[in-house]
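Step one of this worksheet: look at the structure below.
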Amino acid sequence: MNKLSAIIITLNEERNIERCLKSLQAVADEIIIVDSNSTDNTINICNKYKTKVIQQKWLGYSEQKNLGNNIAENDIILSVDADEALSEVLTQSILQLKKDGFSGAYKFNRLNNYCGKWIKHSSWYPDTKLRIWNKNDGKWQGDIHENVILNKNISVSHLKGDLLHYSFYSIEEHVNVINKFSSFKAEALYKKGKKPNIIQILFKPLIKFFITYFLKRGFMDGYYGYVISKNSAFSDHLKYVKLRELNKNAK
């Protein structure tokens with residue numbers, strides 16, 4: 001049977017990490033934790049399981065994950081976040097893959113849990129992610145929304161089952177993340193010399209809400225579908241007004 005290394009980056013993930021580790025027990029031959037000096041109970045929980053813990057000052061999302069990949073004893077990588085877990089169907093798909101042999105890279109759907117509700121529309125599903133590949137065939141790139149960039153001519157297959165993502169436990173958490181990442185995005189646009197116009201500030205958020213709530217059927221996710229749609233629009237609004245402020249303050 002082919003062997004697989006699971007890589008997880010952590011920082012104060014005591015709320016999530018045990019659920020993640022339990023879901024990996026059937027498929028992972030090695031679990032590597034790249035921890036950014038957690039101050040909570042994360043490491044103690046990891047030590048309850050057969051994991052290899054590496055303490056590393058924060059390098060950025062991609063570099064932190066690539067560090068774990070480079071340390072891995074096995075070529076085949078399964079990358080998961082601490083707030084994610086394998087569903088039973090996905091577990092069985094990976095076990096069958098280990099039996100049959102790996103060829104190329106593999107993606108699967110991610111199902112997001114928002115404030116206790118599974119979100120199946122609102123642009124949040126299927127939310128397909130590429131998370132299994134040979135570490136010699138690609139690596140993580142990007143800092144705000146990192147992605148696995150594969151070498152040319154690497155085939156990508158889709159596995160059955162969902163990666164369960166426990167995204168936000170409260171609306172407040174979501175808003176705080178929106179505030180943080182809208183700043184990152186505004187700064188990235190500013191460094192590229194971008195300047196927002198009135199259409200982007202006023203109408204892009206409205207368009208985003210229309211797409212998320214109506215075209216992507218956010219209304220079928222009930223109350224939280226509405227909240228997600230509004231927050232997605234708010235995120236776009238913040239990004240552009242923060243970009244405007246950066247340009248204004250530079251004058």
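Following the order of the structure tokens, chains are lettered A, B, ..., residues in each are numbered from 1, and ligands are numbered from 1.
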**Report entry** Within 9 Å of His237 in chain A using only C-alpha atoms, minus same-chain residues under 6 positions, as a ChimeraX atom specification
**Finding:** /A:182,200-205
Report task. Write out as an MDAnalysis selection string the residues lying within 6 Å of range 28-34 of chain A, counting only C-alpha atoms and excluding same-chain residues fewer than 3 positions away. Result -> chainID A and resid 3:9 24:25 51:54
**Report entry** Distance query range 98-113 of chain A at most 6 Å, only C-alpha atoms, self and fewer than 3 positions along chain excluded, as a ChimeraX atom specification
**Finding:** /A:1-2,95,116-119,126-133,154-159,162-167
Query raised in the report: Which is closer to Ala186 in chain A than all the others in A:Asn41, A:Asn247, A:Asn134, A:Asn153, using only C-alpha atoms?
Result: A:Asn247
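Shortest separation to Met220 in chain A among A:Lys120, A:Lys195, A:Lys242, A:Lys160 occurs at residue A:Lys120, atoms counted being only C-alpha atoms.
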Query - Residues of range 45-115 of chain A in strand (DSSP E or B), written as a PyMOL selection string - result: chain A and resi 52-55+76-79+84-86+105-114
Let's have the selection written as a PDB file, in the first residue's frame, with C-alpha atoms.
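Listed below is the output, part-v2.pdb:
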ATOM      1  CA  LYS A  52       5.840  15.034  14.365  1.00  0.00           C
ATOM      2  CA  VAL A  53       5.669  18.608  15.695  1.00  0.00           C
ATOM      3  CA  ILE A  54       7.905  21.295  14.189  1.00  0.00           C
ATOM      4  CA  GLN A  55       8.017  24.711  15.864  1.00  0.00           C
ATOM      5  CA  ILE A  76       2.588  11.811  -1.447  1.00  0.00           C
ATOM      6  CA  ILE A  77       1.192  14.775   0.491  1.00  0.00           C
ATOM      7  CA  LEU A  78      -2.263  15.255   1.994  1.00  0.00           C
ATOM      8  CA  SER A  79      -2.644  18.870   3.080  1.00  0.00           C
ATOM      9  CA  GLU A  84     -10.879  20.653   8.565  1.00  0.00           C
ATOM     10  CA  ALA A  85     -11.621  16.933   8.806  1.00  0.00           C
ATOM     11  CA  LEU A  86     -12.127  14.082   6.338  1.00  0.00           C
ATOM     12  CA  ALA A 105      -2.889  14.944  -8.153  1.00  0.00           C
ATOM     13  CA  TYR A 106      -6.313  14.793  -6.514  1.00  0.00           C
ATOM     14  CA  LYS A 107      -9.000  17.281  -5.599  1.00  0.00           C
ATOM     15  CA  PHE A 108     -12.283  16.977  -3.727  1.00  0.00           C
ATOM     16  CA  ASN A 109     -15.178  19.114  -2.553  1.00  0.00           C
ATOM     17  CA  ARG A 110     -15.070  21.070   0.684  1.00  0.00           C
ATOM     18  CA  LEU A 111     -18.271  21.424   2.706  1.00  0.00           C
ATOM     19  CA  ASN A 112     -18.268  24.452   4.997  1.00  0.00           C
ATOM     20  CA  ASN A 113     -19.902  24.626   8.402  1.00  0.00           C
ATOM     21  CA  TYR A 114     -20.982  28.152   9.356  1.00  0.00           C
TER      22      TYR A 114
END
**Report entry** Given only C-alpha atoms as the counted atoms, nearest of A:Leu215, A:Val175, A:Val241, A:Leu67 to Val227 in chain A
**Finding:** A:Val175
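When only C-alpha atoms are used to compute distances to Asn16 in chain A, the closest of the residues A:Val80, A:Ile198, A:Ile144, A:Ala72 turns out to be A:Val80.
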Requested in this report: Find the residues around Phe234 in chain A up to 10 Å (only C-alpha atoms counted), leave out those fewer than 4 positions away in its own chain, and share them as a ChimeraX atom specification.
Outcome: /A:175,178-179,182,204-206,208-209,228-230,238-239
Report summary line: Expressed in Å, the length from CA of Phe181 in chain A to CA of Ser235 in chain A is 8.4 Å
Query raised in the report: Which residues, written as JSON, numbers by chain, have at least one atom at most 9 Å from Asn37 in chain A, with only C-alpha atoms counted and residues fewer than 4 positions away on the same chain left out?
Result: {"A": [10, 11, 12, 55, 56, 57, 58]}
Report summary line: One decimal place gives the CA of Ala82 in chain A-CA of Val27 in chain A separation as 16.1 Å
